[in-house]
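Notes for the one structure printed next.
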2 protein chains.
Amino acid sequence: MTSHLQALIAPKRVALIGASDTVTRLTARPQRFMMAQGFAGEILPINPSRDTVLGLPALPSIDKAGPVDHAYILLNADPAITAFEGCAAAGVKVVSMLADGFAEAGAEGVARQDRIAAIAREAGITLIGPNSTGVVHVPGGFYCTANAAFAATDIPSGGLSVLSQSGSMIGTLASRGAARGAGFSTLVSVGNEAVTDVGTLGSVLLDDPATECFALFLETLRNPSALETFARAAQARGKPVVAYVVGQSDDGQHLAVSHTGALSGARGAISCFLRDIGIAEVTVLDALLDTPRTLAQARPSSARPRSVTVLTTTGGGGGMVLDQISARGVPVTGCGAATRAELEPEGIKLGTGKLVDVTLAGARADVMSRVIRALRSDPETGVLVIAPGSSAQFNPDLAVDPILSAIGSGREGDAPIVVMPLPHAPDVLKRLADARVPALVTPESCAESLAALFTPPARMDRPLPDLPQAALTLLDAAPEGILDEVTSGAVFDALTIPAPRQVVLIPDGSGEVNLRYPVVAKLVSPDLPHKTDAGAIRLNIAGRPALADAIRDMCETVSAPVTGILVQEMASGLGEALIGVTRDPLVGPLVTLAAGGVLAEVLGDATMRPAPVSMETARDMIRDIRTFAPLRGYRGHPTGDLEALAQVIVAVSQICTHPRVEEAEINPILIGGTGVMRLDALIRMGPRTT
Amino acid sequence: MTSHLQALIAPKRVALIGASDTVTRLTARPQRFMMAQGFAGEILPINPSRDTVLGLPALPSIDKAGPVDHAYILLNADPAITAFEGCAAAGVKVVSMLADGFAEAGAEGVARQDRIAAIAREAGITLIGPNSTGVVHVPGGFYCTANAAFAATDIPSGGLSVLSQSGSMIGTLASRGAARGAGFSTLVSVGNEAVTDVGTLGSVLLDDPATECFALFLETLRNPSALETFARAAQARGKPVVAYVVGQSDDGQHLAVSHTGALSGARGAISCFLRDIGIAEVTVLDALLDTPRTLAQARPSSARPRSVTVLTTTGGGGGMVLDQISARGVPVTGCGAATRAELEPEGIKLGTGKLVDVTLAGARADVMSRVIRALRSDPETGVLVIAPGSSAQFNPDLAVDPILSAIGSGREGDAPIVVMPLPHAPDVLKRLADARVPALVTPESCAESLAALFTPPARMDRPLPDLPQAALTLLDAAPEGILDEVTSGAVFDALTIPAPRQVVLIPDGSGEVNLRYPVVAKLVSPDLPHKTDAGAIRLNIAGRPALADAIRDMCETVSAPVTGILVQEMASGLGEALIGVTRDPLVGPLVTLAAGGVLAEVLGDATMRPAPVSMETARDMIRDIRTFAPLRGYRGHPTGDLEALAQVIVAVSQICTHPRVEEAEINPILIGGTGVMRLDALIRMGPRTT
């Protein structure tokens, strides 16, 4: 264990600044809990008004404490800052801070938080919080927390570590986890993340040998790049990371913003970012406890099929489990032919249906163990889900023993097992958890866990910035604000995104027009981003005289300054799309692909990824769009050139690698049978920085 | 209690036919369980090979038992039939049957089931099963079941009754319910429903004074009209009914079919039927236990707003609960202005956000009780959801007492309370359940329960058959099979569904065509239901000579017998739809409305209702179709005549009141700014019955 990790979760000497001697007070809890757990390190209560606190000698201040690797400041906001300055002076490596009244509490709080962040950075302190209910390391009894849930004495040690932006949720998760035998290593309430964020702490905890998987409870995202670094390192080390994100509703999203003092990003931006970096998101609270363990303990070898076999002793309940799993898109298969042939001579009939139901035979442990052994070694089994019936409650051994004996006599590479007991069966859950067999609590959590198990790993191929020099030069020279259509068109030309043939006339509309009619005419002006609404566009112009009339009409109607008239050949395609890039305040550059037209807008048929993207990711995005089905050839429709569309997505996604681009959009891009063609396109630039 | 109900759940004398004296055997369970529960009725084990069974005198056969009101037959299939004949002869009123091997087991099993059904009908017996794990009446200790879960001695008595098509699920639900303090009245494993189905049993149990709500676990639907009768009576008596249906996936649906031996209906047909008759469907297993109690115990008065106020002691966890509720479309509001003004002088600040977070003040029972009292009496509160934090686990009184004291001092018409403790807190759940306050176990179950609470009650206005006489006459005279377009067109004309102006020419194509060109020409033939594929339709014909050419061409290409040429004016609309009626093998006549076009097909943008429907229901159906947004005026689109569309839905939904109509469809119907117009339409007739 590095000294940094040790100071975080297993300090030799921990100071509790503001520890109370009154047992009922919140600020007495960390000391009470650690003493109850037999924490082996030295506990140093800091309380200038007492000689002893809860039986331990009290110190007046941190500078009298000698070397301290971890301090938990339990004082209110302003005294907490003073105490934090003392910690910095005393060379404390890790400081947790309980107080609220910082960034979540208006301008004054933001100023306070800036102050402690500056101190922490200056002193090189890992600061947990403020607004943190603390740090808990279960195996070491380091219950350095003010969260009431850690009065518990039954939280098992194990491989799950929790990082939560909500201080109450570390207690909620520990309590619910303990009830099902889920063992924990470390739980951290990261609070406001003034300095040290979820991702940075995750990277530190990756070195904890006890931690084999992570559960994150997120309300916002303060440092996406640190989270990405953590997630990719975790994937490389085979330690799965699962997140639950508050904000499935607009109300929830707004609340998270006000509760955490963080910015609000686009709806779904956090989810898209998590998926991209390989963090599995769950939507059911139970799954936040069940899925990490399932990913860590039930990953099938790559040689096995990507499917689930459900074995049950009871048709109705097992069918319900199978139904939930299948409803989340996980393929379900029945018993393999080899197993059926192997067991039939022994009088065990497993049938050809998708549910393997042994019914009453399951009441015999030897039969059950035999079936489990055969199914696990059958190469047609991907993951074996076992759903024991009512007997699991009052005869837990009957449910558990055959599983453990089958595992005991199994071989390397056998199919992993996931157990979903149908009744309330805490003893079964605990025995299996101890044996490192994922045992899940509800059909929905089981289904989310299996869906996560079959989600392909994140791509590691995030592309580098790769803008053509011509585009870079144009963007460097561009003014602030929305670029006019001619200027932004030149950028898109430099990205080799095809456009209709066009000419730009001077504002009086005179000049030669060597195009195929009908044409479209648009006023060129940086003040007219919404041309249709402004009356600054005319479609379907049949010839030169009509064009002159249209230009005169538009110029009379529109008062904005006009720098030219863009005349383009009319074009049509098999379908249309929107491609845009934006900078999300939480997760950074995002590229969006949406189907074109009002129906797609009504349906929200759109998909996002962190930008820039590779061709593989662009193809994934296209697959996400349901209303592209006709373009994929549904029912004999002519197919669209979706490969050309993917190339444009890649090119547009690169635009935001220029630091001044705030937004860019092609809407619509026409999708033809061969090639694509951009129609309207715009770019919005941020201020010049020179 | 009627004598019928008494024989079902509280018999004076119950016979256990095939009861075993070997305690470990499944067939010993009913007697063991009832004796353990102190069942007050007389237990009569029937076992010809023993004098006593588990200490009670055994009888050789049912005819030696004297009057018996309930018998549970524990024998295998063929001996079970013999025993059943004995029950019929002995005048037993209610018989449960454990054996499998009936309708779920192929042709031989179906024959067996027909035999017992005939006996039961002849004798007027209420037959539970076959394939039933039995009947349990918790308050009376009548644990007449072979389900192992009922070895439990901690299942509380209460208001929830369960009817399950899966025999194992009565145990699963009792076990999971007991762990949260949910009290049960009656649980019935209805098995194959050879004679007595879920709906019929539900109607019987409505008279049980202890039953205040129902949970149904359904895999199929064998008697929709009995279920409708039960659901409507339950609604009228204020006893809510909630169902969980296996079949959210295709795999699950197929499984339910093979497991129950029932037919397969259309995807979603059961859900649409349940919604129509006022049964709330839940998709989360926990909600099957939580939602019925919530509906029975937390229904707000009609004067209160349809919204939820969430009160918590912990921002993160409370925010998660609020987020889940809002994500299911339930409106969430914060603290009302009156309550804020009332409590601020007392130093209690509740804020203006959507989450009412009292944080540390919530650790004081008097403050919490004060806040709950104020929020409950505030007319701006609809339902008050309380989400206590970690202290609920180790200090349950602190979470429960303020709630009970606030309720104790409350007034008639105060807002109802639903509690969602964040940690694992079984003591809180049990204390609140005993006090008849719904206490829910997961945020998802809480959200589903609240969504059900705010679902409008079912309409009681299912329309009567109302086909115009002209349509009836045509349908009576129609041949079997698909009617040709002229014949079916006459039926739709009789329903006053507008069509384009048209003439029918004789097969050689001669005759006068007094229509506005362009026109469309179609070959009339009962053998050409798919005209486009067959080359039997030509669009956009500009004049009479081109029409003659088109007819000649088509007649040369198509070999089917042609009875005429239908020539119609071309028409266009603002949008299009499909309206169809079918007979679902499970739920009966259904009317479907779908958006027209390939995109809607890809997206499955369609909705169904049991037919016939009223205008109100037709309008609901139109609201369900998301891609009708432009027709509703989205973004300034011209609005379509959706009221005219609703009238056509009503008219088409009536067609299936004619007993011989198997299917009818208008595809497409054009939706104009004023009026609608059917283009292609067909009717398929069943055989003549005379």
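Naming scheme: A, B, ... for chains in displayed order of the structure tokens; residues 1 onward per chain; ligands 1 onward as shown.
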Taking a cut-off of 6 Å and counting only C-alpha atoms, can you build a table that, for each residue of chain B near chain A, reports the nearest atom pair and how far apart they are in Å (one decimal), sorted by chain then residue number, as a tab-separated table?
residue	atom	partner	partner_atom	distance
B:Ala148	CA	A:Ser391	CA	5.6
B:Ala149	CA	A:Ser390	CA	5.1
B:Ser166	CA	A:Gly316	CA	4.7
B:Thr172	CA	A:Pro423	CA	4.3
B:Ser175	CA	A:His424	CA	5.5
B:Arg176	CA	A:His424	CA	4.9
B:Val246	CA	A:Met320	CA	5.7
B:Gln248	CA	A:Ala327	CA	5.9
B:Ser249	CA	A:Ala327	CA	4.5
B:Gly252	CA	A:Asp323	CA	4.2
B:Gly316	CA	A:Ser166	CA	4.7
B:Met320	CA	A:Val246	CA	5.7
B:Asp323	CA	A:Gly252	CA	4.2
B:Ser326	CA	A:Ser249	CA	5.8
B:Ala327	CA	A:Ser249	CA	4.5
B:Ser390	CA	A:Ala149	CA	5.0
B:Ser391	CA	A:Ala148	CA	5.6
B:Leu422	CA	A:Thr172	CA	5.8
B:Pro423	CA	A:Thr172	CA	4.3
B:His424	CA	A:Arg176	CA	4.8
B:Leu599	CA	A:Thr627	CA	5.8
B:Thr627	CA	A:Leu599	CA	5.8
- segment 380-603 of chain B: which residues are strand (DSSP E) by DSSP, as a PyMOL selection string? chain B and resi 383-387+417-419+481-482+502-505+519-524+537-541+564-569+575-584+588-595
- Task: Just the helix (DSSP H, G or I) stuff from segment 494-655 of chain B, please, per backbone DSSP, written as a ChimeraX atom specification.
- Result: /B:494,531-534,544-557,597-603,615-624,626-632,634-636,642-655
- Message: Give me the residues near Ile407 of chain A as number ranges by chain, where near means some atom within 12 Å (using only C-alpha atoms) and where sequence neighbours in that chain fewer than 5 positions away do not count.
- Response: A: 369-377, 384, 400-402, 412-418, 432, 435-437
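Distances to Glu662 of chain B were evaluated for B:Thr617, B:Thr582, B:Ser572, B:Ser449 using only C-alpha atoms, and the minimum falls at B:Thr582.
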- Between atom CA of Asp434 of chain A and atom CA of Thr186 of chain A, distance in Å (one decimal): 17.5 Å
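You will find atom CA of Ala548 of chain A at 21.5 Å from atom CA of Leu679 of chain A.
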- Message: Neighbouring residues of segment 113-121 of chain B were defined as those with any atom within 7 Å, considering only C-alpha atoms; residues of the same chain fewer than 2 positions away were excluded. Please report them as a VMD selection string.
- Response: chain B and resid 81 102 to 103 109 to 111 123 to 125 127 194 to 195
Export all heavy atoms of the chosen residues as a PDB file, in the first residue's frame?
ATOM      1  N   ILE B  81     -57.731 -37.711 -10.036  1.00  0.00           N
ATOM      2  CA  ILE B  81     -59.041 -37.625 -10.692  1.00  0.00           C
ATOM      3  C   ILE B  81     -60.049 -38.509  -9.959  1.00  0.00           C
ATOM      4  O   ILE B  81     -61.185 -38.111  -9.697  1.00  0.00           O
ATOM      5  CB  ILE B  81     -58.925 -38.030 -12.187  1.00  0.00           C
ATOM      6  CG1 ILE B  81     -58.020 -37.025 -12.906  1.00  0.00           C
ATOM      7  CG2 ILE B  81     -60.306 -38.077 -12.829  1.00  0.00           C
ATOM      8  CD1 ILE B  81     -57.742 -37.373 -14.347  1.00  0.00           C
ATOM      9  N   PHE B 102     -51.718 -31.886 -16.419  1.00  0.00           N
ATOM     10  CA  PHE B 102     -53.023 -31.584 -17.035  1.00  0.00           C
ATOM     11  C   PHE B 102     -52.820 -30.719 -18.288  1.00  0.00           C
ATOM     12  O   PHE B 102     -51.964 -31.046 -19.107  1.00  0.00           O
ATOM     13  CB  PHE B 102     -53.950 -30.960 -15.992  1.00  0.00           C
ATOM     14  CG  PHE B 102     -54.429 -31.971 -14.968  1.00  0.00           C
ATOM     15  CD1 PHE B 102     -53.638 -32.293 -13.861  1.00  0.00           C
ATOM     16  CD2 PHE B 102     -55.641 -32.630 -15.139  1.00  0.00           C
ATOM     17  CE1 PHE B 102     -54.064 -33.241 -12.938  1.00  0.00           C
ATOM     18  CE2 PHE B 102     -56.070 -33.589 -14.218  1.00  0.00           C
ATOM     19  CZ  PHE B 102     -55.277 -33.890 -13.114  1.00  0.00           C
ATOM     20  N   ALA B 103     -53.521 -29.617 -18.417  1.00  0.00           N
ATOM     21  CA  ALA B 103     -53.517 -28.887 -19.694  1.00  0.00           C
ATOM     22  C   ALA B 103     -52.121 -28.446 -20.127  1.00  0.00           C
ATOM     23  O   ALA B 103     -51.881 -28.216 -21.310  1.00  0.00           O
ATOM     24  CB  ALA B 103     -54.442 -27.673 -19.609  1.00  0.00           C
ATOM     25  N   GLY B 109     -52.931 -34.657 -21.276  1.00  0.00           N
ATOM     26  CA  GLY B 109     -53.215 -33.804 -20.121  1.00  0.00           C
ATOM     27  C   GLY B 109     -54.461 -32.970 -20.345  1.00  0.00           C
ATOM     28  O   GLY B 109     -55.278 -32.778 -19.429  1.00  0.00           O
ATOM     29  N   VAL B 110     -54.633 -32.475 -21.569  1.00  0.00           N
ATOM     30  CA  VAL B 110     -55.825 -31.681 -21.870  1.00  0.00           C
ATOM     31  C   VAL B 110     -57.078 -32.533 -21.664  1.00  0.00           C
ATOM     32  O   VAL B 110     -58.072 -32.077 -21.084  1.00  0.00           O
ATOM     33  CB  VAL B 110     -55.756 -31.122 -23.319  1.00  0.00           C
ATOM     34  CG1 VAL B 110     -57.085 -30.514 -23.726  1.00  0.00           C
ATOM     35  CG2 VAL B 110     -54.629 -30.091 -23.434  1.00  0.00           C
ATOM     36  N   ALA B 111     -57.002 -33.783 -22.085  1.00  0.00           N
ATOM     37  CA  ALA B 111     -58.163 -34.682 -21.925  1.00  0.00           C
ATOM     38  C   ALA B 111     -58.473 -34.879 -20.435  1.00  0.00           C
ATOM     39  O   ALA B 111     -59.638 -34.844 -20.015  1.00  0.00           O
ATOM     40  CB  ALA B 111     -57.881 -36.026 -22.593  1.00  0.00           C
ATOM     41  N   ALA B 123     -70.999 -30.927 -10.663  1.00  0.00           N
ATOM     42  CA  ALA B 123     -71.230 -30.959  -9.209  1.00  0.00           C
ATOM     43  C   ALA B 123     -71.267 -29.561  -8.592  1.00  0.00           C
ATOM     44  O   ALA B 123     -71.500 -29.426  -7.391  1.00  0.00           O
ATOM     45  CB  ALA B 123     -70.150 -31.807  -8.535  1.00  0.00           C
ATOM     46  N   GLY B 124     -70.965 -28.525  -9.383  1.00  0.00           N
ATOM     47  CA  GLY B 124     -70.949 -27.162  -8.839  1.00  0.00           C
ATOM     48  C   GLY B 124     -69.814 -26.937  -7.860  1.00  0.00           C
ATOM     49  O   GLY B 124     -69.945 -26.192  -6.882  1.00  0.00           O
ATOM     50  N   ILE B 125     -68.663 -27.571  -8.139  1.00  0.00           N
ATOM     51  CA  ILE B 125     -67.514 -27.453  -7.236  1.00  0.00           C
ATOM     52  C   ILE B 125     -66.639 -26.269  -7.655  1.00  0.00           C
ATOM     53  O   ILE B 125     -66.419 -26.043  -8.846  1.00  0.00           O
ATOM     54  CB  ILE B 125     -66.665 -28.749  -7.276  1.00  0.00           C
ATOM     55  CG1 ILE B 125     -67.442 -29.915  -6.643  1.00  0.00           C
ATOM     56  CG2 ILE B 125     -65.322 -28.553  -6.575  1.00  0.00           C
ATOM     57  CD1 ILE B 125     -66.709 -31.240  -6.721  1.00  0.00           C
ATOM     58  N   LEU B 127     -63.146 -25.427  -8.098  1.00  0.00           N
ATOM     59  CA  LEU B 127     -61.934 -26.239  -8.213  1.00  0.00           C
ATOM     60  C   LEU B 127     -60.718 -25.325  -8.334  1.00  0.00           C
ATOM     61  O   LEU B 127     -60.597 -24.579  -9.316  1.00  0.00           O
ATOM     62  CB  LEU B 127     -62.044 -27.150  -9.454  1.00  0.00           C
ATOM     63  CG  LEU B 127     -60.757 -27.869  -9.870  1.00  0.00           C
ATOM     64  CD1 LEU B 127     -60.263 -28.797  -8.771  1.00  0.00           C
ATOM     65  CD2 LEU B 127     -60.983 -28.648 -11.173  1.00  0.00           C
ATOM     66  N   ALA B 194     -58.711 -24.738 -14.351  1.00  0.00           N
ATOM     67  CA  ALA B 194     -59.537 -25.611 -15.190  1.00  0.00           C
ATOM     68  C   ALA B 194     -60.983 -25.146 -15.188  1.00  0.00           C
ATOM     69  O   ALA B 194     -61.657 -25.180 -16.218  1.00  0.00           O
ATOM     70  CB  ALA B 194     -59.461 -27.051 -14.683  1.00  0.00           C
ATOM     71  N   VAL B 195     -61.462 -24.708 -14.058  1.00  0.00           N
ATOM     72  CA  VAL B 195     -62.850 -24.258 -13.943  1.00  0.00           C
ATOM     73  C   VAL B 195     -62.897 -22.864 -13.323  1.00  0.00           C
ATOM     74  O   VAL B 195     -63.513 -21.951 -13.851  1.00  0.00           O
ATOM     75  CB  VAL B 195     -63.669 -25.235 -13.066  1.00  0.00           C
ATOM     76  CG1 VAL B 195     -65.059 -24.687 -12.812  1.00  0.00           C
ATOM     77  CG2 VAL B 195     -63.736 -26.601 -13.735  1.00  0.00           C
TER      78      VAL B 195
END
